[in-house]
$ cat data28.txt   # compact mmCIF, C-alpha atoms
# COMPACT_ATOMS: atom_id res chain seq x y z
CA MET W 1 10.12 -40.65 -25.59
CA LEU W 2 7.52 -38.11 -26.70
CA ASN W 3 5.00 -39.41 -24.17
CA ARG W 4 7.57 -39.18 -21.39
CA MET W 5 8.43 -35.62 -22.43
CA ALA W 6 4.73 -34.71 -22.45
CA VAL W 7 4.36 -36.04 -18.90
CA VAL W 8 7.40 -34.06 -17.74
CA LEU W 9 6.07 -30.86 -19.31
CA ALA W 10 2.66 -31.41 -17.77
CA LEU W 11 4.19 -31.89 -14.32
CA MET W 12 6.28 -28.75 -14.78
CA ALA W 13 3.16 -26.80 -15.74
CA ILE W 14 1.32 -28.06 -12.65
CA ALA W 15 4.28 -27.14 -10.42
CA ALA W 16 4.50 -23.69 -11.97
CA SER W 17 0.79 -23.16 -11.47
CA ALA W 18 1.04 -24.26 -7.83
CA SER W 19 4.04 -22.01 -7.17
CA ALA W 20 2.14 -19.07 -8.67
CA GLN W 21 -0.69 -19.40 -6.16
CA PRO W 22 -1.00 -16.52 -3.68
CA THR W 23 0.59 -17.17 -0.29
CA GLY W 24 0.14 -15.77 3.20
CA LYS W 25 -2.96 -15.03 5.26
CA ILE W 26 -5.83 -12.61 4.78
CA VAL W 27 -7.99 -11.35 7.64
CA PHE W 28 -11.32 -9.73 6.97
CA THR W 29 -14.64 -8.76 8.52
CA SER W 30 -17.61 -11.05 7.96
CA VAL W 31 -21.15 -10.20 9.03
CA ARG W 32 -22.37 -13.52 10.38
CA ASN W 33 -25.67 -13.99 12.19
CA GLY W 34 -26.22 -10.27 11.76
CA ASN W 35 -23.01 -9.48 13.61
CA ALA W 36 -19.54 -8.47 12.39
CA GLU W 37 -16.77 -10.93 13.25
CA VAL W 38 -13.06 -11.21 12.41
CA CYS W 39 -12.15 -14.11 10.13
CA VAL W 40 -8.95 -15.37 8.52
CA ILE W 41 -8.26 -17.43 5.41
CA ASN W 42 -5.16 -18.57 3.57
CA ALA W 43 -4.55 -16.51 0.46
CA ASN W 44 -5.01 -19.61 -1.71
CA GLY W 45 -8.58 -20.01 -0.41
CA THR W 46 -7.98 -22.77 2.16
CA GLY W 47 -8.01 -22.77 5.95
CA PHE W 48 -10.96 -20.49 6.73
CA GLU W 49 -11.34 -19.74 10.44
CA ASN W 50 -13.70 -17.56 12.46
CA LEU W 51 -11.36 -15.77 14.90
CA THR W 52 -13.95 -13.92 16.99
CA ASP W 53 -17.37 -15.02 18.19
CA ASP W 54 -18.75 -12.21 20.29
CA ASP W 55 -22.09 -10.46 20.58
CA ALA W 56 -20.24 -7.19 19.97
CA TYR W 57 -19.22 -5.69 16.64
CA ASP W 58 -15.68 -6.89 15.78
CA ASP W 59 -14.39 -5.06 12.72
CA GLN W 60 -11.44 -3.57 10.75
CA PRO W 61 -8.86 -6.33 11.38
CA ALA W 62 -5.19 -6.02 10.40
CA LEU W 63 -2.50 -8.69 10.63
CA SER W 64 0.95 -8.24 12.11
CA PRO W 65 3.81 -8.43 9.58
CA ASP W 66 4.57 -12.04 10.59
CA GLY W 67 0.90 -13.06 10.50
CA THR W 68 0.76 -14.21 14.14
CA GLU W 69 -1.39 -11.45 15.63
CA VAL W 70 -4.40 -9.43 14.56
CA VAL W 71 -5.46 -6.00 15.78
CA PHE W 72 -9.12 -5.10 15.40
CA VAL W 73 -11.86 -2.71 16.49
CA SER W 74 -14.63 -3.80 18.84
CA ASN W 75 -17.40 -2.21 20.89
CA ARG W 76 -17.56 -5.19 23.26
CA ASP W 77 -16.83 -2.90 26.23
CA GLY W 78 -19.03 -0.01 25.17
CA ASN W 79 -17.46 2.33 22.63
CA ARG W 80 -15.08 1.39 19.83
CA GLU W 81 -11.64 0.39 21.14
CA LEU W 82 -8.60 -1.49 19.80
CA TYR W 83 -7.97 -5.13 20.70
CA LEU W 84 -5.07 -7.48 20.00
CA MET W 85 -5.46 -11.23 19.42
CA ASN W 86 -2.80 -13.92 19.34
CA ILE W 87 -4.08 -16.12 16.51
CA ALA W 88 -2.52 -19.35 17.79
CA SER W 89 -3.88 -19.10 21.33
CA GLY W 90 -6.96 -16.98 20.72
CA ASP W 91 -6.00 -14.74 23.64
CA VAL W 92 -7.37 -11.18 23.34
CA VAL W 93 -5.95 -8.07 25.02
CA ARG W 94 -7.62 -4.66 25.08
CA LEU W 95 -5.17 -2.02 23.85
CA THR W 96 -7.07 1.24 24.39
CA ASN W 97 -9.48 2.46 27.03
CA THR W 98 -10.84 5.94 26.40
CA ASP W 99 -14.17 7.72 26.09
CA ASP W 100 -13.41 8.33 22.40
CA SER W 101 -13.35 5.93 19.44
CA GLU W 102 -10.19 4.23 18.16
CA ILE W 103 -10.56 2.90 14.62
CA ASP W 104 -8.61 2.08 11.40
CA PRO W 105 -5.75 0.13 13.06
CA VAL W 106 -2.69 -1.18 11.22
CA PHE W 107 0.62 -2.48 12.55
CA THR W 108 3.83 -0.55 12.04
CA ASN W 109 6.37 -2.29 9.80
CA ASP W 110 8.43 -3.47 12.77
CA ALA W 111 5.31 -4.57 14.70
CA SER W 112 6.34 -2.41 17.67
CA GLY W 113 3.23 -0.28 17.40
CA VAL W 114 -0.19 0.24 15.92
CA ILE W 115 -1.16 3.26 13.83
CA TYR W 116 -4.82 4.18 14.17
CA THR W 117 -7.43 6.93 13.95
CA LEU W 118 -8.59 8.66 17.13
CA GLU W 119 -12.13 9.93 16.64
CA THR W 120 -13.37 12.53 19.13
CA GLY W 121 -16.22 15.01 19.20
CA GLU W 122 -13.82 17.54 17.67
CA GLY W 123 -12.65 15.48 14.70
CA ARG W 124 -10.25 12.70 13.72
CA ASP W 125 -6.46 12.46 13.96
CA VAL W 126 -3.84 9.77 13.30
CA TYR W 127 -2.10 8.31 16.37
CA ARG W 128 0.56 5.70 17.07
CA LEU W 129 0.24 3.28 19.98
CA ASP W 130 3.50 1.83 21.36
CA LEU W 131 2.80 -1.84 22.11
CA VAL W 132 5.55 -1.99 24.75
CA SER W 133 4.81 1.13 26.78
CA GLY W 134 1.11 1.37 25.94
CA GLU W 135 1.58 5.08 25.24
CA SER W 136 -0.20 6.80 22.34
CA LYS W 137 1.14 9.87 20.53
CA ALA W 138 -0.27 11.93 17.68
CA VAL W 139 1.29 11.33 14.28
CA TYR W 140 -0.93 13.75 12.35
CA ALA W 141 -3.19 16.12 14.26
CA GLY W 142 -3.42 19.08 11.94
CA GLY W 143 -7.14 19.70 12.08
CA GLU W 144 -7.67 18.22 8.60
CA ASP W 145 -9.76 15.22 9.68
CA GLU W 146 -6.75 12.90 9.22
CA ARG W 147 -7.58 9.19 9.21
CA MET W 148 -7.20 5.76 7.53
CA ALA W 149 -3.40 5.72 7.73
CA TYR W 150 -1.39 2.86 6.21
CA GLN W 151 2.35 2.35 6.60
CA GLY W 152 4.39 1.08 3.67
CA PRO W 153 8.08 0.21 3.31
CA GLY W 154 10.69 2.76 4.28
CA GLY W 155 8.36 4.41 6.76
CA LYS W 156 6.03 5.84 4.11
CA ILE W 157 2.58 6.57 5.50
CA ALA W 158 -0.44 7.19 3.28
CA TYR W 159 -3.56 8.65 4.87
CA VAL W 160 -6.71 10.64 4.17
CA ALA W 161 -7.10 14.34 4.94
CA ALA W 162 -9.83 16.87 4.24
CA VAL W 163 -8.50 19.48 1.82
CA ASN W 164 -10.83 22.34 0.91
CA GLY W 165 -13.78 20.17 1.86
CA ASP W 166 -12.70 17.12 -0.17
CA ASP W 167 -11.16 13.86 1.06
CA GLU W 168 -7.73 13.51 -0.53
CA ILE W 169 -4.85 11.01 -0.26
CA MET W 170 -1.70 12.30 1.43
CA LEU W 171 1.73 10.68 1.70
CA LYS W 172 4.37 11.33 4.37
CA ASP W 173 7.92 10.07 3.92
CA SER W 174 11.43 11.20 4.82
CA SER W 175 11.19 14.14 2.41
CA GLY W 176 8.02 15.51 3.99
CA ARG W 177 4.30 15.47 3.30
CA LYS W 178 2.72 15.55 -0.15
CA GLN W 179 -0.87 15.66 -1.41
CA LEU W 180 -1.25 12.86 -3.95
CA THR W 181 -4.83 13.36 -5.16
CA ASP W 182 -6.87 16.43 -6.02
CA SER W 183 -10.37 15.34 -6.98
CA PRO W 184 -13.88 16.64 -6.30
CA GLY W 185 -14.86 13.07 -5.46
CA ILE W 186 -14.07 11.16 -2.28
CA ASP W 187 -10.57 9.60 -2.21
CA ILE W 188 -10.16 7.25 0.77
CA MET W 189 -8.71 3.93 2.02
CA PRO W 190 -5.10 4.21 0.77
CA THR W 191 -2.71 1.25 0.86
CA ILE W 192 0.87 0.98 -0.36
CA THR W 193 2.33 -1.85 -2.45
CA ALA W 194 5.12 -3.98 -1.00
CA ASP W 195 7.81 -2.21 -3.02
CA GLY W 196 6.55 1.21 -1.92
CA LYS W 197 6.20 2.39 -5.51
CA GLN W 198 2.42 2.46 -5.89
CA VAL W 199 -0.64 3.44 -3.86
CA PHE W 200 -4.10 1.90 -4.10
CA PHE W 201 -7.07 4.03 -3.10
CA VAL W 202 -10.85 4.03 -3.34
CA THR W 203 -12.56 6.92 -5.13
CA THR W 204 -16.04 8.09 -6.06
CA ARG W 205 -14.87 10.31 -8.92
CA GLU W 206 -16.83 8.19 -11.43
CA GLY W 207 -19.94 7.78 -9.30
CA ASP W 208 -19.69 4.58 -7.28
CA TYR W 209 -16.71 3.39 -5.22
CA ASP W 210 -13.92 2.21 -7.52
CA LEU W 211 -10.40 1.00 -6.79
CA TYR W 212 -7.67 3.15 -8.34
CA LEU W 213 -3.89 2.83 -8.49
CA MET W 214 -1.23 5.51 -8.79
CA TYR W 215 2.50 5.95 -8.31
CA ALA W 216 3.68 7.01 -4.88
CA ASP W 217 4.49 10.50 -6.21
CA GLY W 218 0.84 11.03 -7.20
CA THR W 219 1.32 10.55 -10.94
CA GLY W 220 -0.28 7.94 -13.17
CA GLU W 221 -3.71 7.79 -11.54
CA ARG W 222 -5.73 5.08 -13.25
CA PRO W 223 -8.63 2.72 -12.56
CA PHE W 224 -7.54 -0.69 -11.30
CA LEU W 225 -11.06 -2.07 -10.86
CA ASN W 226 -13.93 -0.06 -12.27
CA THR W 227 -17.03 -2.24 -12.37
CA GLU W 228 -20.75 -1.57 -12.21
CA THR W 229 -20.66 -2.33 -8.47
CA SER W 230 -18.58 -0.83 -5.68
CA GLU W 231 -15.07 -1.94 -4.71
CA GLY W 232 -13.52 -1.58 -1.28
CA ARG W 233 -9.99 -1.19 0.03
CA GLY W 234 -7.19 -2.92 -1.89
CA ALA W 235 -5.05 -5.19 0.30
CA PRO W 236 -1.64 -5.69 -1.39
CA SER W 237 0.14 -9.02 -0.95
CA PRO W 238 3.53 -9.05 0.81
CA ASP W 239 5.22 -10.42 -2.33
CA GLY W 240 3.85 -7.58 -4.46
CA GLY W 241 2.12 -9.85 -6.98
CA TYR W 242 -1.53 -9.62 -5.92
CA VAL W 243 -4.22 -7.54 -4.26
CA ALA W 244 -7.30 -8.67 -2.32
CA VAL W 245 -10.47 -6.63 -2.85
CA ALA W 246 -14.09 -6.80 -1.70
CA ASN W 247 -16.89 -6.01 -4.11
CA GLU W 248 -20.63 -6.64 -4.26
CA GLU W 249 -21.21 -7.98 -7.75
CA THR W 250 -23.01 -11.05 -6.37
CA GLY W 251 -25.43 -8.92 -4.32
CA SER W 252 -23.39 -9.25 -1.14
CA LEU W 253 -19.78 -8.31 -0.48
CA ASP W 254 -17.23 -11.02 -1.27
CA ILE W 255 -13.44 -10.98 -1.33
CA TYR W 256 -11.48 -11.69 -4.49
CA VAL W 257 -7.78 -11.88 -5.36
CA TYR W 258 -6.43 -10.14 -8.46
CA ASP W 259 -3.01 -10.04 -10.01
CA MET W 260 -1.39 -6.65 -10.58
CA ASP W 261 -2.75 -6.52 -14.12
CA GLY W 262 -6.30 -6.59 -12.78
CA ASN W 263 -6.99 -10.21 -13.71
CA ARG W 264 -9.10 -12.14 -11.22
CA VAL W 265 -7.22 -15.10 -9.75
CA LEU W 266 -9.42 -16.39 -6.92
CA GLN W 267 -12.72 -15.84 -5.15
CA LEU W 268 -12.02 -16.28 -1.44
CA THR W 269 -15.54 -15.99 -0.03
CA ASP W 270 -18.87 -17.12 -1.47
CA ASP W 271 -21.61 -17.17 1.11
CA ALA W 272 -24.70 -15.25 2.19
CA TYR W 273 -22.73 -12.87 4.40
CA ASP W 274 -21.03 -9.56 3.66
CA ASN W 275 -17.24 -10.07 3.70
CA TYR W 276 -15.04 -6.97 3.51
CA GLU W 277 -12.03 -5.01 4.87
CA PRO W 278 -9.33 -7.55 3.84
CA HIS W 279 -5.77 -7.19 5.08
CA TRP W 280 -2.91 -9.39 3.81
CA SER W 281 0.21 -10.57 5.64
CA LYS W 282 2.69 -13.44 5.61
$ encode --input "data28.txt" --output "structure tokens"
Amino acid sequence: MLNRMAVVLALMAIAASASAQPTGKIVFTSVRNGNAEVCVINANGTGFENLTDDDAYDDQPALSPDGTEVVFVSNRDGNRELYLMNIASGDVVRLTNTDDSEIDPVFTNDASGVIYTLETGEGRDVYRLDLVSGESKAVYAGGEDERMAYQGPGGKIAYVAAVNGDDEIMLKDSSGRKQLTDSPGIDIMPTITADGKQVFFVTTREGDYDLYLMYADGTGERPFLNTETSEGRGAPSPDGGYVAVANEETGSLDIYVYDMDGNRVLQLTDDAYDNYEPHWSK
């Protein structure tokens, strides 16, 4: 009886461990053969796939909310433009065609558009591209070098703006716009957790690039990962339980998964290439 109970408990523990594994897909940039390409991997570390294989620089990928499409930046036609790939078919469509640079893309919550940064000779502004009409309109063009926008639940948008010469994190929601950080260091790369309650961002306030976390009202700033090497953008999981982060503790950039207490759960990449800019979706 005791042996049977021990077996049952062991099986339950295995099932619980399996159910606790991260789910969904993570896209990221990988510098392979000296060239940046877009790759995808299951959040549990299986199913790696090289999505692009082009002589150009393919970078800054972001998945659609349902995980079926990826938008990315490429200079394959000259300057940096936005491209859209259907992951199942591999078909690629060019979304923008200007003399300027379009960077930092991310899908809107309803997947009807892409929010991105338009970089011109006069500065940077946040734009929204309608995927049906193909029309782009400014979201933030206030002359504050707005960029790196990320949309969270309820229409919240976090982005970077230059305030008195410093890069700070801003948040726009239904109540208006608010400055969340006020630091002499560089505060960049904001992302919003799935419940909309917290904001990850990268800061240099302690010297190197560290990943910080704060509440969406700007309170409770605290280090999430503060190691001897640099951390990149935090990519929150859709279920709110994890975050994917790139850091360079092995000498090259690799992508790791952490739980929301900062405990490392998985190492997703372990090769000779730099792997960075993760983005997580279903």
$ closest_residue --input "data28.txt" --among "W:Pro184, W:Gly142, W:Gly232, W:Pro190" --to "Tyr159 in chain W" --atoms "all atoms listed in the file"
W:Pro190
$ residues_near_point --input "data28.txt" --point "(-8.6, 13.4, 1.6)" --cutoff "8 Å" --atoms "only C-alpha atoms" --output "ChimeraX atom specification"
/W:146,159-163,166-170,181,186-188
$ write_last_selection --input "data28.txt" --atoms "C-alpha atoms" --output "PDB file, in the coordinates of the input"
ATOM      1  CA  GLU W 146      -6.750  12.900   9.220  1.00  0.00           C
ATOM      2  CA  TYR W 159      -3.560   8.650   4.870  1.00  0.00           C
ATOM      3  CA  VAL W 160      -6.710  10.640   4.170  1.00  0.00           C
ATOM      4  CA  ALA W 161      -7.100  14.340   4.940  1.00  0.00           C
ATOM      5  CA  ALA W 162      -9.830  16.870   4.240  1.00  0.00           C
ATOM      6  CA  VAL W 163      -8.500  19.480   1.820  1.00  0.00           C
ATOM      7  CA  ASP W 166     -12.700  17.120  -0.170  1.00  0.00           C
ATOM      8  CA  ASP W 167     -11.160  13.860   1.060  1.00  0.00           C
ATOM      9  CA  GLU W 168      -7.730  13.510  -0.530  1.00  0.00           C
ATOM     10  CA  ILE W 169      -4.850  11.010  -0.260  1.00  0.00           C
ATOM     11  CA  MET W 170      -1.700  12.300   1.430  1.00  0.00           C
ATOM     12  CA  THR W 181      -4.830  13.360  -5.160  1.00  0.00           C
ATOM     13  CA  ILE W 186     -14.070  11.160  -2.280  1.00  0.00           C
ATOM     14  CA  ASP W 187     -10.570   9.600  -2.210  1.00  0.00           C
ATOM     15  CA  ILE W 188     -10.160   7.250   0.770  1.00  0.00           C
TER      16      ILE W 188
END
$ residues_around --input "data28.txt" --residues "range 220-224 of chain W" --least-positions-apart "2" --cutoff "8 Å" --atoms "only C-alpha atoms" --output "list in words"
Asp210, Leu211, Tyr212, Leu213, Met214, Tyr215, Gly218, Asn226 and Gly262 of chain W
$ closest_residue --input "data28.txt" --among "W:Glu228, W:Asp110, W:Asp208, W:Asp125" --to "Asp66 in chain W" --atoms "only C-alpha atoms"
W:Asp110
$ closest_residue --input "data28.txt" --among "W:Thr191, W:Glu69, W:Asp173, W:Asp100" --to "Gly123 in chain W" --atoms "only C-alpha atoms"
W:Asp100
$ atom_distance --input "data28.txt" --atom1 "CA of Leu118 in chain W" --atom2 "CA of Lys25 in chain W"
27.1 Å
$ closest_residue --input "data28.txt" --among "W:Val257, W:Ala272, W:Val126, W:Val265" --to "Gly34 in chain W" --atoms "all atoms listed in the file"
W:Ala272
$ closest_residue --input "data28.txt" --among "W:Lys282, W:Arg264, W:Arg76, W:Lys172" --to "Ser64 in chain W" --atoms "all atoms listed in the file"
W:Lys282
$ residues_around --input "data28.txt" --residues "Gly155 in chain W" --least-positions-apart "3" --cutoff "12 Å" --atoms "all atoms listed in the file" --output "list in words"
Phe107, Thr108, Asn109, Asp110, Ile115, Ala149, Tyr150, Gln151, Gly152, Ala158, Leu171, Lys172, Asp173, Ser174, Ser175, Gly176, Ile192, Ala194, Asp195 and Gly196 of chain W
$ residues_near_point --input "data28.txt" --point "(-20.3, -8.4, 15.8)" --cutoff "12 Å" --atoms "only C-alpha atoms" --output "PDB file with C-alpha atoms, in the coordinates of the input"
ATOM      1  CA  THR W  29     -14.640  -8.760   8.520  1.00  0.00           C
ATOM      2  CA  SER W  30     -17.610 -11.050   7.960  1.00  0.00           C
ATOM      3  CA  VAL W  31     -21.150 -10.200   9.030  1.00  0.00           C
ATOM      4  CA  ARG W  32     -22.370 -13.520  10.380  1.00  0.00           C
ATOM      5  CA  ASN W  33     -25.670 -13.990  12.190  1.00  0.00           C
ATOM      6  CA  GLY W  34     -26.220 -10.270  11.760  1.00  0.00           C
ATOM      7  CA  ASN W  35     -23.010  -9.480  13.610  1.00  0.00           C
ATOM      8  CA  ALA W  36     -19.540  -8.470  12.390  1.00  0.00           C
ATOM      9  CA  GLU W  37     -16.770 -10.930  13.250  1.00  0.00           C
ATOM     10  CA  VAL W  38     -13.060 -11.210  12.410  1.00  0.00           C
ATOM     11  CA  CYS W  39     -12.150 -14.110  10.130  1.00  0.00           C
ATOM     12  CA  ASN W  50     -13.700 -17.560  12.460  1.00  0.00           C
ATOM     13  CA  LEU W  51     -11.360 -15.770  14.900  1.00  0.00           C
ATOM     14  CA  THR W  52     -13.950 -13.920  16.990  1.00  0.00           C
ATOM     15  CA  ASP W  53     -17.370 -15.020  18.190  1.00  0.00           C
ATOM     16  CA  ASP W  54     -18.750 -12.210  20.290  1.00  0.00           C
ATOM     17  CA  ASP W  55     -22.090 -10.460  20.580  1.00  0.00           C
ATOM     18  CA  ALA W  56     -20.240  -7.190  19.970  1.00  0.00           C
ATOM     19  CA  TYR W  57     -19.220  -5.690  16.640  1.00  0.00           C
ATOM     20  CA  ASP W  58     -15.680  -6.890  15.780  1.00  0.00           C
ATOM     21  CA  ASP W  59     -14.390  -5.060  12.720  1.00  0.00           C
ATOM     22  CA  GLN W  60     -11.440  -3.570  10.750  1.00  0.00           C
ATOM     23  CA  PHE W  72      -9.120  -5.100  15.400  1.00  0.00           C
ATOM     24  CA  VAL W  73     -11.860  -2.710  16.490  1.00  0.00           C
ATOM     25  CA  SER W  74     -14.630  -3.800  18.840  1.00  0.00           C
ATOM     26  CA  ASN W  75     -17.400  -2.210  20.890  1.00  0.00           C
ATOM     27  CA  ARG W  76     -17.560  -5.190  23.260  1.00  0.00           C
ATOM     28  CA  ARG W  80     -15.080   1.390  19.830  1.00  0.00           C
TER      29      ARG W  80
END
$ residues_around --input "data28.txt" --residues "range 129-135 of chain W" --least-positions-apart "2" --cutoff "10 Å" --atoms "only C-alpha atoms" --output "PyMOL selection string"
chain W and resi 84+95-96+105+107-108+111-116+127+137-139
$ atom_distance --input "data28.txt" --atom1 "CA of Ser230 in chain W" --atom2 "CA of Gly185 in chain W"
14.4 Å
$ atom_distance --input "data28.txt" --atom1 "CA of Pro65 in chain W" --atom2 "CA of Glu144 in chain W"
29.0 Å
$ axis_aligned_box --input "data28.txt" --around "range 71-88 of chain W" --padding-each-side "4 Å" --output "AutoDock Vina command-line options"
--center_x -10.8 --center_y -8.5 --center_z 20.8 --size_x 24.5 --size_y 29.7 --size_z 18.8
